[in-house]
file start.cif (mmCIF, C-alpha atoms)
data_query
loop_
_atom_site.label_atom_id
_atom_site.label_comp_id
_atom_site.auth_asym_id
_atom_site.auth_seq_id
_atom_site.Cartn_x
_atom_site.Cartn_y
_atom_site.Cartn_z
CA MET A 21 -6.91 -14.68 7.89
CA ASP A 22 -7.68 -12.02 5.31
CA SER A 23 -6.15 -8.91 6.71
CA ILE A 24 -3.30 -7.83 8.87
CA LEU A 25 -2.51 -5.09 11.36
CA ILE A 26 1.20 -4.58 11.89
CA ILE A 27 2.06 -2.92 15.16
CA VAL A 28 5.32 -0.98 15.34
CA ASP A 29 6.58 0.38 18.62
CA LYS A 30 10.27 0.85 17.93
CA ALA A 31 11.83 3.95 16.43
CA PRO A 32 13.46 3.60 13.01
CA TYR A 33 17.22 3.53 12.39
CA GLY A 34 18.07 2.34 15.91
CA TYR A 35 16.45 -0.99 15.06
CA GLU A 36 16.00 -2.81 11.75
CA ASP A 37 12.52 -3.74 12.98
CA THR A 38 10.71 -0.60 11.85
CA PHE A 39 11.52 -0.68 8.17
CA SER A 40 11.26 -4.48 8.14
CA ALA A 41 7.72 -4.11 9.45
CA PHE A 42 6.91 -1.70 6.61
CA TYR A 43 8.35 -4.23 4.14
CA VAL A 44 5.97 -6.85 5.52
CA ALA A 45 3.07 -4.41 5.00
CA ILE A 46 4.15 -3.72 1.41
CA ALA A 47 4.60 -7.43 0.71
CA CYS A 48 1.07 -8.07 2.01
CA LEU A 49 -0.38 -5.27 -0.13
CA ASN A 50 1.50 -6.54 -3.17
CA ARG A 51 -0.21 -9.89 -2.60
CA GLY A 52 -3.64 -8.25 -2.53
CA MET A 53 -4.16 -8.49 1.24
CA ASN A 54 -5.49 -5.68 3.40
CA ALA A 55 -2.65 -4.42 5.55
CA ASP A 56 -2.55 -1.51 7.98
CA VAL A 57 0.32 -0.24 10.09
CA LEU A 58 -0.18 1.05 13.63
CA LEU A 59 2.59 3.28 14.96
CA VAL A 60 2.53 3.47 18.72
CA GLY A 61 5.06 4.42 21.40
CA ASP A 62 8.45 5.10 19.85
CA GLY A 63 7.07 3.75 16.56
CA ILE A 64 5.53 7.14 15.84
CA TYR A 65 8.98 8.41 14.90
CA ALA A 66 8.65 6.37 11.73
CA ALA A 67 6.13 8.90 10.46
CA ILE A 68 8.20 12.03 10.96
CA LYS A 69 8.61 13.91 7.69
CA ASN A 70 11.83 14.94 5.95
CA GLN A 71 13.93 12.06 7.22
CA VAL A 72 17.34 11.93 5.59
CA PRO A 73 18.99 8.66 6.62
CA GLY A 74 22.64 8.70 5.75
CA GLY A 75 26.03 7.86 7.07
CA SER A 76 26.81 4.25 7.79
CA VAL A 77 23.22 3.31 8.63
CA ASN A 78 22.06 3.11 5.00
CA TYR A 79 18.53 2.04 5.93
CA PRO A 80 15.70 3.07 3.62
CA ASN A 81 13.81 6.26 4.43
CA VAL A 82 11.01 4.93 6.60
CA GLY A 83 8.90 8.09 6.26
CA GLU A 84 8.81 7.53 2.52
CA LEU A 85 7.87 3.88 2.94
CA SER A 86 4.59 5.07 4.43
CA TYR A 87 3.75 6.71 1.09
CA LEU A 88 3.85 3.25 -0.41
CA VAL A 89 1.49 1.72 2.12
CA PHE A 90 -1.10 4.51 2.00
CA PRO A 91 -3.76 4.71 0.53
CA GLU A 92 -4.18 0.96 -0.01
CA GLY A 93 -3.33 0.47 3.64
CA ASN A 94 -3.57 2.94 6.51
CA ILE A 95 -0.72 4.35 8.56
CA PHE A 96 -2.29 4.95 11.96
CA VAL A 97 -0.30 7.14 14.32
CA HIS A 98 -1.29 7.01 17.98
CA LEU A 99 -2.12 10.46 19.32
CA GLU A 100 -1.23 9.80 22.98
CA SER A 101 2.21 8.57 21.94
CA MET A 102 2.69 11.75 19.91
CA LEU A 103 1.68 14.01 22.79
CA GLU A 104 3.99 12.18 25.19
CA ARG A 105 6.86 12.81 22.80
CA GLY A 106 6.04 16.39 21.84
CA VAL A 107 5.37 15.45 18.21
CA GLU A 108 2.71 17.43 16.35
CA GLU A 109 0.65 16.81 13.24
CA ASP A 110 2.80 19.24 11.28
CA ASN A 111 5.85 17.08 11.98
CA LEU A 112 4.32 14.05 10.25
CA VAL A 113 4.34 12.77 6.68
CA GLU A 114 1.21 13.42 4.60
CA ALA A 115 0.28 9.74 4.53
CA ALA A 116 -0.14 9.53 8.32
CA GLN A 117 -3.54 9.34 10.01
CA ILE A 118 -3.64 10.39 13.63
CA ILE A 119 -5.96 8.38 15.84
CA ASN A 120 -6.87 8.79 19.50
CA ASP A 121 -7.57 5.98 21.96
CA THR A 122 -11.29 5.85 21.17
CA GLU A 123 -10.66 5.58 17.45
CA LEU A 124 -8.00 2.95 18.10
CA TYR A 125 -10.51 0.96 20.13
CA GLU A 126 -13.09 1.23 17.33
CA ILE A 127 -10.57 0.13 14.73
CA ILE A 128 -9.48 -2.91 16.74
CA LYS A 129 -13.10 -3.76 17.53
CA SER A 130 -14.05 -3.59 13.87
CA LYS A 131 -11.31 -6.02 12.90
CA THR A 132 -13.09 -9.35 12.63
CA ILE A 133 -11.80 -12.76 13.66
CA GLU A 134 -10.13 -12.92 10.27
CA ASN A 135 -7.58 -10.26 11.14
CA ALA A 136 -4.01 -11.07 12.13
CA PHE A 137 -2.15 -8.87 14.59
CA ILE A 138 1.60 -8.84 14.18
CA ARG A 139 3.94 -6.83 16.30
CA ILE A 140 7.43 -6.41 14.90
CA MET B 3 -21.40 -45.29 -0.28
CA VAL B 4 -19.47 -44.33 2.79
CA ASN B 5 -19.05 -40.66 3.61
CA THR B 6 -15.86 -40.00 5.44
CA LEU B 7 -15.71 -36.79 7.39
CA GLN B 8 -12.19 -35.56 7.16
CA GLU B 9 -11.15 -33.20 9.87
CA VAL B 10 -9.54 -30.15 8.35
CA SER B 11 -6.46 -29.44 10.40
CA LYS B 12 -5.81 -25.92 11.57
CA THR B 13 -2.69 -23.96 10.80
CA LEU B 14 -0.49 -22.00 13.19
CA THR B 15 2.15 -19.59 11.93
CA ILE B 16 4.88 -18.32 14.24
CA ILE B 17 7.10 -15.42 13.22
CA LEU B 18 10.43 -14.96 14.98
CA THR B 19 12.60 -11.86 14.72
CA GLU B 20 15.23 -12.32 17.43
CA GLY B 21 18.56 -14.09 17.43
CA PRO B 22 19.04 -17.41 19.20
CA TYR B 23 20.48 -16.68 22.62
CA ARG B 24 19.75 -13.14 23.68
CA SER B 25 16.14 -14.08 24.39
CA GLN B 26 14.16 -17.19 25.10
CA TYR B 27 11.87 -16.70 22.13
CA VAL B 28 13.17 -19.67 20.17
CA GLU B 29 12.54 -21.96 23.10
CA ILE B 30 9.06 -20.48 23.59
CA ALA B 31 8.31 -20.87 19.88
CA HIS B 32 9.57 -24.46 20.00
CA ASN B 33 7.34 -25.33 22.95
CA ILE B 34 4.25 -23.74 21.40
CA ALA B 35 4.94 -25.40 18.04
CA GLU B 36 5.51 -28.81 19.62
CA SER B 37 2.27 -28.58 21.53
CA ALA B 38 0.40 -27.40 18.44
CA ILE B 39 1.74 -30.29 16.36
CA ARG B 40 0.65 -32.73 19.07
CA ASN B 41 -2.82 -31.17 18.85
CA GLY B 42 -3.04 -31.74 15.12
CA TYR B 43 -2.01 -28.30 13.91
CA ARG B 44 0.12 -27.65 10.85
CA VAL B 45 2.93 -25.38 11.98
CA ASN B 46 4.75 -22.80 9.90
CA LEU B 47 7.77 -20.98 11.30
CA PHE B 48 9.06 -17.84 9.58
CA LEU B 49 12.48 -16.53 10.53
CA TYR B 50 12.78 -12.78 9.95
CA MET B 51 15.65 -10.35 10.68
CA ASP B 52 17.96 -11.68 13.42
CA ALA B 53 16.03 -14.94 13.60
CA THR B 54 17.86 -15.92 10.42
CA HIS B 55 20.83 -16.70 12.69
CA ILE B 56 18.85 -19.47 14.40
CA PRO B 57 19.20 -22.30 11.83
CA LYS B 58 22.98 -22.03 11.57
CA LYS B 59 24.63 -25.44 11.66
CA ASN B 60 27.12 -26.56 14.28
CA GLN B 61 26.03 -24.31 17.12
CA ASN B 62 27.59 -25.32 20.41
CA PRO B 63 26.28 -23.06 23.16
CA HIS B 64 27.48 -23.45 26.70
CA SER B 65 24.82 -23.03 29.38
CA PHE B 66 22.13 -22.10 26.83
CA PRO B 67 19.73 -24.63 25.29
CA ASN B 68 20.86 -25.66 21.79
CA VAL B 69 18.37 -23.96 19.48
CA GLY B 70 19.66 -25.85 16.47
CA GLU B 71 18.59 -29.14 18.05
CA LYS B 72 15.19 -27.71 18.92
CA LEU B 73 14.68 -26.57 15.34
CA LYS B 74 15.75 -29.98 13.99
CA ASN B 75 13.16 -31.56 16.23
CA LEU B 76 10.39 -29.33 14.88
CA ILE B 77 11.37 -30.04 11.29
CA LYS B 78 11.37 -33.77 12.01
CA ASN B 79 7.83 -33.42 13.31
CA GLY B 80 6.64 -31.73 10.14
CA ALA B 81 6.99 -28.00 10.78
CA ASP B 82 7.64 -25.85 7.70
CA VAL B 83 10.57 -23.61 8.56
CA ARG B 84 11.57 -20.79 6.22
CA ALA B 85 13.99 -17.88 6.46
CA CYS B 86 13.87 -14.47 4.79
CA VAL B 87 16.40 -14.26 1.95
CA ARG B 88 17.05 -10.51 2.38
CA CYS B 89 17.80 -10.92 6.08
CA ALA B 90 19.82 -14.12 5.67
CA THR B 91 21.89 -12.60 2.87
CA ALA B 92 22.57 -9.45 4.89
CA ARG B 93 23.90 -11.66 7.67
CA GLY B 94 26.06 -13.74 5.37
CA HIS B 95 24.07 -16.95 5.55
CA ALA B 96 22.44 -17.25 2.13
CA CYS B 97 25.52 -17.38 -0.02
CA ASP B 98 26.87 -20.49 1.62
CA LYS B 99 24.27 -23.15 0.87
CA SER B 100 25.55 -25.41 3.61
CA ALA B 101 25.27 -22.80 6.35
CA TYR B 102 21.81 -23.87 7.48
CA LEU B 103 20.36 -27.01 9.02
CA THR B 104 18.74 -29.39 6.55
CA GLY B 105 15.07 -28.73 6.08
CA VAL B 106 15.20 -24.95 6.46
CA SER B 107 14.42 -23.18 3.19
CA ILE B 108 15.48 -19.67 2.36
CA THR B 109 12.50 -17.93 0.79
CA SER B 110 11.13 -14.40 0.95
CA VAL B 111 9.03 -12.05 3.05
CA TYR B 112 6.17 -12.88 0.66
CA ASP B 113 5.69 -16.08 2.61
CA ILE B 114 4.26 -13.96 5.41
CA PRO B 115 1.15 -12.82 3.48
CA GLY B 116 0.93 -16.30 1.96
CA TRP B 117 0.93 -17.96 5.36
CA VAL B 118 -1.30 -15.35 7.02
CA LEU B 119 -3.97 -16.07 4.40
CA GLU B 120 -4.01 -19.78 5.15
CA SER B 121 -3.50 -19.64 8.93
CA ASP B 122 -5.97 -19.83 11.76
CA LYS B 123 -3.60 -18.31 14.30
CA ILE B 124 -0.54 -16.11 13.99
CA ILE B 125 1.95 -15.51 16.78
CA THR B 126 4.84 -13.06 16.53
CA LEU B 127 7.61 -13.32 19.08
CA SER B 128 9.79 -10.25 18.92
CA GLY B 129 11.89 -8.29 21.37
CA MET C 28 18.55 -2.10 0.47
CA GLU C 29 16.75 -2.34 -2.82
CA ILE C 30 16.28 1.30 -3.64
CA ASP C 31 17.77 3.27 -6.49
CA GLU C 32 16.90 6.89 -7.00
CA LEU C 33 17.15 8.64 -10.33
CA GLU C 34 16.19 12.09 -11.58
CA TYR C 35 14.58 12.61 -14.97
CA GLU C 36 13.91 15.85 -16.80
CA ILE C 37 10.56 15.44 -18.51
CA PHE C 38 9.51 18.90 -19.56
CA GLU C 39 12.34 21.38 -20.06
CA GLU C 40 9.86 24.24 -20.36
CA GLY C 41 7.29 22.87 -17.92
CA PRO C 42 5.43 25.81 -16.31
CA LEU C 43 5.10 24.09 -12.92
CA VAL C 44 6.75 20.69 -13.02
CA LYS C 45 9.79 19.85 -15.07
CA LYS C 46 11.60 17.01 -13.36
CA VAL C 47 10.73 13.91 -11.44
CA THR C 48 12.86 11.78 -9.14
CA LEU C 49 11.96 8.13 -9.11
CA GLN C 50 12.52 5.39 -6.52
CA GLN C 51 11.54 1.77 -6.88
CA ILE C 52 10.73 0.14 -3.60
CA LYS C 53 11.09 -3.61 -3.34
CA PRO C 54 10.54 -5.31 0.01
CA CYS C 55 12.68 -8.20 -1.17
CA ILE C 56 15.83 -8.74 -3.17
CA ILE C 57 14.10 -11.26 -5.41
CA ALA C 58 12.60 -10.09 -8.68
CA GLU C 59 8.90 -9.34 -8.75
CA ASN C 60 6.27 -9.04 -11.46
CA MET C 61 5.00 -5.68 -10.38
CA ILE C 62 6.71 -2.97 -8.41
CA ARG C 63 5.77 0.01 -6.33
CA VAL C 64 7.24 3.37 -7.20
CA LEU C 65 7.60 6.58 -5.22
CA MET C 66 8.26 9.77 -7.17
CA GLN C 67 8.98 13.34 -6.24
CA LEU C 68 8.14 16.21 -8.55
CA ASP C 69 10.38 19.24 -8.51
CA ASN C 70 7.58 21.48 -7.27
CA GLU C 71 4.72 21.36 -4.79
CA ILE C 72 1.31 20.81 -6.34
CA GLY C 73 -0.98 21.56 -3.39
CA GLU C 74 -2.75 24.40 -5.23
CA ILE C 75 -3.33 22.32 -8.32
CA ILE C 76 -4.70 19.15 -6.72
CA PRO C 77 -8.21 20.50 -5.99
CA ILE C 78 -8.45 21.44 -9.67
CA LEU C 79 -7.05 18.11 -10.83
CA VAL C 80 -9.97 16.37 -9.11
CA THR C 81 -12.30 17.69 -11.80
CA GLN C 82 -10.05 16.66 -14.67
CA TYR C 83 -10.69 12.93 -14.29
CA PRO C 84 -13.94 10.91 -14.46
CA PRO C 85 -15.65 10.82 -11.04
CA GLY C 86 -15.51 7.02 -10.93
CA LYS C 87 -11.74 7.08 -11.15
CA VAL C 88 -11.17 9.62 -8.42
CA ASN C 89 -10.76 9.30 -4.68
CA TYR C 90 -10.14 12.62 -2.96
CA ILE C 91 -9.32 13.25 0.69
CA GLU C 92 -10.29 16.88 0.91
CA ASN C 93 -8.87 17.80 4.33
CA LYS C 94 -5.42 16.51 3.38
CA GLN C 95 -5.64 17.30 -0.35
CA ILE C 96 -4.53 13.80 -1.25
CA LEU C 97 -5.82 12.61 -4.62
CA THR C 98 -5.88 8.98 -5.73
CA LEU C 99 -6.55 8.25 -9.39
CA ASN C 100 -7.43 4.76 -10.55
CA ILE C 101 -6.00 5.08 -14.02
CA TYR C 102 -3.71 3.09 -16.30
CA LYS C 103 -4.69 -0.11 -14.45
CA ARG C 104 -3.15 1.05 -11.17
CA SER C 105 -3.60 3.48 -8.29
CA VAL C 106 -1.70 6.72 -8.56
CA THR C 107 -1.72 8.94 -5.45
CA LEU C 108 -0.74 12.59 -5.60
CA TYR C 109 0.28 14.56 -2.51
CA PRO C 110 0.52 18.35 -2.05
CA SER C 111 4.28 18.06 -1.47
CA GLY C 112 4.69 16.81 -5.03
CA LYS C 113 5.16 13.17 -4.02
CA ILE C 114 3.45 10.64 -6.25
CA SER C 115 3.10 6.96 -5.41
CA MET C 116 2.12 4.23 -7.81
CA ASN C 117 1.48 0.51 -7.44
CA LYS C 118 1.16 -2.30 -10.02
CA THR C 119 3.90 -0.83 -12.16
CA ILE C 120 5.86 -3.00 -14.57
CA ASP C 121 9.16 -1.14 -14.48
CA LYS C 122 10.81 2.29 -14.41
CA GLU C 123 9.90 3.03 -18.02
CA ASP C 124 6.26 2.19 -17.37
CA ALA C 125 6.28 4.51 -14.33
CA LEU C 126 7.84 7.33 -16.34
CA GLU C 127 5.25 7.00 -19.09
CA VAL C 128 2.41 7.35 -16.62
CA VAL C 129 3.97 10.17 -14.63
CA THR C 130 4.72 12.09 -17.84
CA SER C 131 1.06 12.12 -18.80
CA ILE C 132 0.12 13.30 -15.30
CA MET C 133 2.77 16.03 -15.38
CA GLU C 134 1.29 17.16 -18.69
CA VAL C 135 -2.11 17.56 -17.07
CA ILE C 136 -0.59 19.33 -14.06
CA ASN C 137 1.22 21.83 -16.26
CA ARG C 138 -1.83 22.44 -18.44
CA VAL C 139 -4.09 22.94 -15.43
CA TYR C 140 -1.51 25.30 -13.90
CA ILE C 141 -1.58 27.54 -16.96
CA GLU C 142 -5.36 27.43 -17.17
CA SER C 143 -5.74 28.25 -13.49
CA ASN C 144 -3.44 31.25 -13.81
CA ARG C 145 -5.76 32.47 -16.53
CA GLY C 146 -8.72 31.93 -14.24
CA ASP C 147 -10.06 29.25 -16.59
CA THR C 148 -10.53 26.46 -14.10
CA VAL C 149 -12.97 25.19 -11.56
CA ASP C 150 -11.78 23.53 -8.40
CA TYR C 151 -13.15 20.82 -6.14
CA SER C 152 -14.85 23.10 -3.61
CA GLU C 153 -17.01 24.61 -6.35
CA MET C 154 -17.82 21.20 -7.79
CA LYS C 155 -18.21 19.38 -4.49
CA GLU C 156 -21.96 19.64 -4.35
CA LYS C 157 -22.42 18.63 -7.98
CA LEU C 158 -19.97 15.73 -7.61
CA SER C 159 -21.85 14.32 -4.64
CA LYS C 160 -25.08 14.18 -6.70
CA ILE C 161 -23.56 12.39 -9.68
CA GLY C 162 -24.31 8.70 -9.74
CA PRO C 163 -25.36 6.18 -12.38
CA LEU C 164 -29.06 6.85 -11.83
CA SER C 165 -28.85 10.64 -12.10
CA LEU C 166 -26.72 10.29 -15.21
CA TYR C 167 -29.14 7.78 -16.72
CA ASN C 168 -32.00 10.24 -16.21
CA CYS C 169 -30.27 12.70 -18.52
CA LEU C 170 -29.67 10.17 -21.30
CA PRO C 171 -32.06 9.36 -24.21
CA LYS C 172 -33.07 6.05 -22.50
CA THR C 173 -33.68 4.42 -25.88
CA ASP C 174 -31.10 1.61 -25.50
CA CYS C 175 -30.20 2.13 -29.15
CA GLU C 176 -26.71 0.55 -28.66
CA GLU C 177 -25.07 3.13 -30.97
CA CYS C 178 -22.54 3.86 -28.20
CA GLY C 179 -21.45 0.23 -28.06
CA GLU C 180 -23.27 -0.53 -24.82
CA VAL C 181 -26.41 -2.64 -24.60
CA THR C 182 -28.36 -0.21 -22.46
CA CYS C 183 -28.27 3.47 -21.53
CA MET C 184 -27.76 2.42 -17.90
CA ALA C 185 -24.64 0.45 -18.87
CA PHE C 186 -23.43 3.55 -20.74
CA ALA C 187 -24.06 5.71 -17.66
CA ILE C 188 -21.95 3.37 -15.51
CA LYS C 189 -19.14 3.34 -18.06
CA LEU C 190 -19.28 7.16 -18.29
CA LEU C 191 -18.69 7.45 -14.56
CA SER C 192 -15.72 5.14 -14.65
CA GLY C 193 -14.29 6.94 -17.67
CA ASP C 194 -14.50 3.86 -19.87
CA ARG C 195 -16.83 5.63 -22.32
CA LYS C 196 -16.95 9.24 -23.48
CA LEU C 197 -20.16 11.29 -23.67
CA GLU C 198 -19.65 12.03 -27.36
CA LYS C 199 -20.11 8.29 -28.04
CA CYS C 200 -23.83 8.81 -27.51
CA LYS C 201 -24.77 9.67 -31.09
CA PRO C 202 -28.40 10.66 -30.36
CA LEU C 203 -27.10 13.25 -27.84
CA TYR C 204 -24.25 14.45 -30.01
CA ASP C 205 -26.40 14.81 -33.11
CA GLY C 206 -28.70 17.24 -31.36
CA ARG C 207 -31.65 14.86 -31.31
CA HIS C 208 -32.11 15.21 -27.57
CA SER C 209 -31.41 18.80 -26.62
CA GLU C 210 -33.41 18.57 -23.34
CA ASP C 211 -31.14 15.72 -22.26
CA VAL C 212 -28.07 17.82 -23.09
CA SER C 213 -29.43 20.64 -20.92
CA CYS C 214 -30.16 18.12 -18.18
CA LEU C 215 -26.54 16.94 -18.34
CA LYS C 216 -25.21 20.51 -18.27
CA GLU C 217 -27.30 21.17 -15.17
CA LEU C 218 -26.23 17.94 -13.45
CA LEU C 219 -22.54 17.95 -14.34
CA GLY C 220 -21.53 21.51 -15.05
CA SER C 221 -19.30 22.38 -17.99
CA GLN C 222 -16.01 21.17 -16.44
CA ILE C 223 -17.18 17.65 -15.67
CA MET C 224 -18.99 17.43 -19.00
CA LYS C 225 -15.67 18.23 -20.64
CA THR C 226 -13.90 15.64 -18.48
CA MET C 227 -16.49 13.08 -19.53
CA GLY C 228 -15.72 13.76 -23.17
CA TRP C 229 -18.15 16.41 -24.31
CA ASP C 230 -16.10 18.56 -26.62
CA VAL C 231 -18.62 21.15 -27.71
#
call {"tool": "encode", "arguments": {"input": "start.cif", "output": "structure tokens"}}
result
Amino acid sequence: MDSILIIVDKAPYGYEDTFSAFYVAIACLNRGMNADVLLVGDGIYAAIKNQVPGGSVNYPNVGELSYLVFPEGNIFVHLESMLERGVEEDNLVEAAQIINDTELYEIIKSKTIENAFIRI
Amino acid sequence: MVNTLQEVSKTLTIILTEGPYRSQYVEIAHNIAESAIRNGYRVNLFLYMDATHIPKKNQNPHSFPNVGEKLKNLIKNGADVRACVRCATARGHACDKSAYLTGVSITSVYDIPGWVLESDKIITLSG
Amino acid sequence: MEIDELEYEIFEEGPLVKKVTLQQIKPCIIAENMIRVLMQLDNEIGEIIPILVTQYPPGKVNYIENKQILTLNIYKRSVTLYPSGKISMNKTIDKEDALEVVTSIMEVINRVYIESNRGDTVDYSEMKEKLSKIGPLSLYNCLPKTDCEECGEVTCMAFAIKLLSGDRKLEKCKPLYDGRHSEDVSCLKELLGSQIMKTMGWDV
């Protein structure tokens, strides 16, 4: 399979999953594969700008990880999930691309058989 | 001259991210992998994040299925089982070479793109 | 986690950008051949980015106008500049390599900043229409079309393609530079405009 869509639906810092998913995306891009990240549900919090992780958590800044995926890969942020959570475009990092349900459908439809879907 | 048609076997990759007992994912992965192997698939199993606890030796769960035994079974049947070095190290498993069951290699997250490229199907089981 | 962040002062007297903070991001603890780097300049560059678009050969530039995000395919890698002053870079050998590349970009940013304050620059919105019409064919039409090979390319079409990608400079075309084809020079000025001609290496 030539390309990968990584689906993230957990918020960062509460779970290791979110930044680990971004690491998978970066590893795929480093190996020359197409990789996109879809942030949906609580995953949209990964794209909030000006994150300052500190204290005992010591996880990498997930917002900044999106700058390393884009523009080779896309960071899709699901609009409905944003609206449900009161998050606006201004709250997001520059690398984020907001998509609505129709656009999400088109993106998934355009992914051929050779696309892997991974949800972490 | 005899032409032999060799059937190219398909490859299934399963990615696990959860620890051994809180969920049934290891058992599910085992059952899928076993069935795939019986159907001629090559099976790769990547252990990411908490799944790096799964191959620990000498597990002795009461009332839960023994995931270590299930993993040993898959390895015996030819599955390629690898664990992420960053995750395993964070959890204290990589430094002690004897911590894991025989046949489980500690590699890197780069195996994911490597395996995705060569696989026909990818399944992620995560909580 | 494999991240170390360091601040470097590049230009003590830099008019817009003086310092850069650099982070290497490695998804794994094992060593890799090439790394990805995220940098933060000490100032926002949103006003400069639309002007920067015209400072690099069209073939090397990818510009997302509504977000003002500029990707340059230079120095054998992709360098992406954001209005906030963040810069990301892939295919980088090490920190020193990253610093070398970002220093040259900061130089251009500072120069363009001074020039724009003097009113000496042209930005993307003014060039947009011209840029959309520039392709290998339109460029080829304004070249001597003699395939003389003096530029080092076998044909004028090959030269046109290399011009777009920035791998050849306009001044390499001796027949043009020597004044033998003044109608072609006018054709180029009309097609490209003076800023892009300058970017493509026409230093007259």
call {"tool": "closest_residue", "arguments": {"input": "start.cif", "among": "C:Gly220, C:Gly206, C:Pro171, C:Pro163", "to": "Ala185 (chain C)", "atoms": "all atoms listed in the file"}}
result
C:Pro163
call {"tool": "resolve_selection", "arguments": {"input": "start.cif", "expression": "the PyMOL selection byres ((chain A) within 6 of (chain B))", "output": "MDAnalysis selection string"}}
result
chainID A and resid 21:22 47:48 138
call {"tool": "write_last_selection", "arguments": {"input": "start.cif", "atoms": "C-alpha atoms", "output": "PDB file, keeping the file's coordinate frame"}}
result
ATOM      1  CA  MET A  21      -6.910 -14.680   7.890  1.00  0.00           C
ATOM      2  CA  ASP A  22      -7.680 -12.020   5.310  1.00  0.00           C
ATOM      3  CA  ALA A  47       4.600  -7.430   0.710  1.00  0.00           C
ATOM      4  CA  CYS A  48       1.070  -8.070   2.010  1.00  0.00           C
ATOM      5  CA  ILE A 138       1.600  -8.840  14.180  1.00  0.00           C
TER       6      ILE A 138
END
call {"tool": "closest_residue", "arguments": {"input": "start.cif", "among": "C:Ile91, C:Ile188, C:Leu164, C:Ile132", "to": "Pro91 (chain A)", "atoms": "all atoms listed in the file"}}
result
C:Ile91
call {"tool": "resolve_selection", "arguments": {"input": "start.cif", "expression": "the PyMOL selection byres ((chain A) within 8 of (chain C))", "output": "ChimeraX atom specification"}}
result
/A:43-44,46-47,78-80,84,87-88,91,114
call {"tool": "write_last_selection", "arguments": {"input": "start.cif", "atoms": "C-alpha atoms", "output": "mmCIF file, keeping the file's coordinate frame"}}
result
data_model
loop_
_atom_site.group_PDB
_atom_site.id
_atom_site.type_symbol
_atom_site.label_atom_id
_atom_site.label_comp_id
_atom_site.auth_asym_id
_atom_site.auth_seq_id
_atom_site.Cartn_x
_atom_site.Cartn_y
_atom_site.Cartn_z
ATOM 1 C CA TYR A 43 8.350 -4.230 4.140
ATOM 2 C CA VAL A 44 5.970 -6.850 5.520
ATOM 3 C CA ILE A 46 4.150 -3.720 1.410
ATOM 4 C CA ALA A 47 4.600 -7.430 0.710
ATOM 5 C CA ASN A 78 22.060 3.110 5.000
ATOM 6 C CA TYR A 79 18.530 2.040 5.930
ATOM 7 C CA PRO A 80 15.700 3.070 3.620
ATOM 8 C CA GLU A 84 8.810 7.530 2.520
ATOM 9 C CA TYR A 87 3.750 6.710 1.090
ATOM 10 C CA LEU A 88 3.850 3.250 -0.410
ATOM 11 C CA PRO A 91 -3.760 4.710 0.530
ATOM 12 C CA GLU A 114 1.210 13.420 4.600
#
call {"tool": "atom_distance", "arguments": {"input": "start.cif", "atom1": "CA of Ile136 (chain C)", "atom2": "CA of Gly41 (chain C)"}}
result
9.5 Å
call {"tool": "resolve_selection", "arguments": {"input": "start.cif", "expression": "the PyMOL selection byres ((chain A and resi 55-62) around 10)", "output": "PyMOL selection string"}}
result
(chain A and resi 22-32+38+41-42+44-50+52-54+63-67+86+89-102+104-105+116-119+124+135-139) or (chain B and resi 115)
call {"tool": "atom_distance", "arguments": {"input": "start.cif", "atom1": "CA of Pro42 (chain C)", "atom2": "CA of Asn137 (chain C)"}}
result
5.8 Å
call {"tool": "atom_distance", "arguments": {"input": "start.cif", "atom1": "CA of Asn60 (chain B)", "atom2": "CA of Gln26 (chain B)"}}
result
19.3 Å
call {"tool": "residues_around", "arguments": {"input": "start.cif", "residues": "Lys201 (chain C)", "least_positions_apart": "2", "cutoff": "12 Å", "atoms": "all atoms listed in the file", "output": "number ranges by chain"}}
result
C: 170-171, 173-179, 183, 196-199, 203-208, 212, 229
call {"tool": "residues_around", "arguments": {"input": "start.cif", "residues": "Gln67 (chain C)", "least_positions_apart": "5", "cutoff": "6 Å", "atoms": "all atoms listed in the file", "output": "PyMOL selection string"}}
result
chain C and resi 47-48+112-113
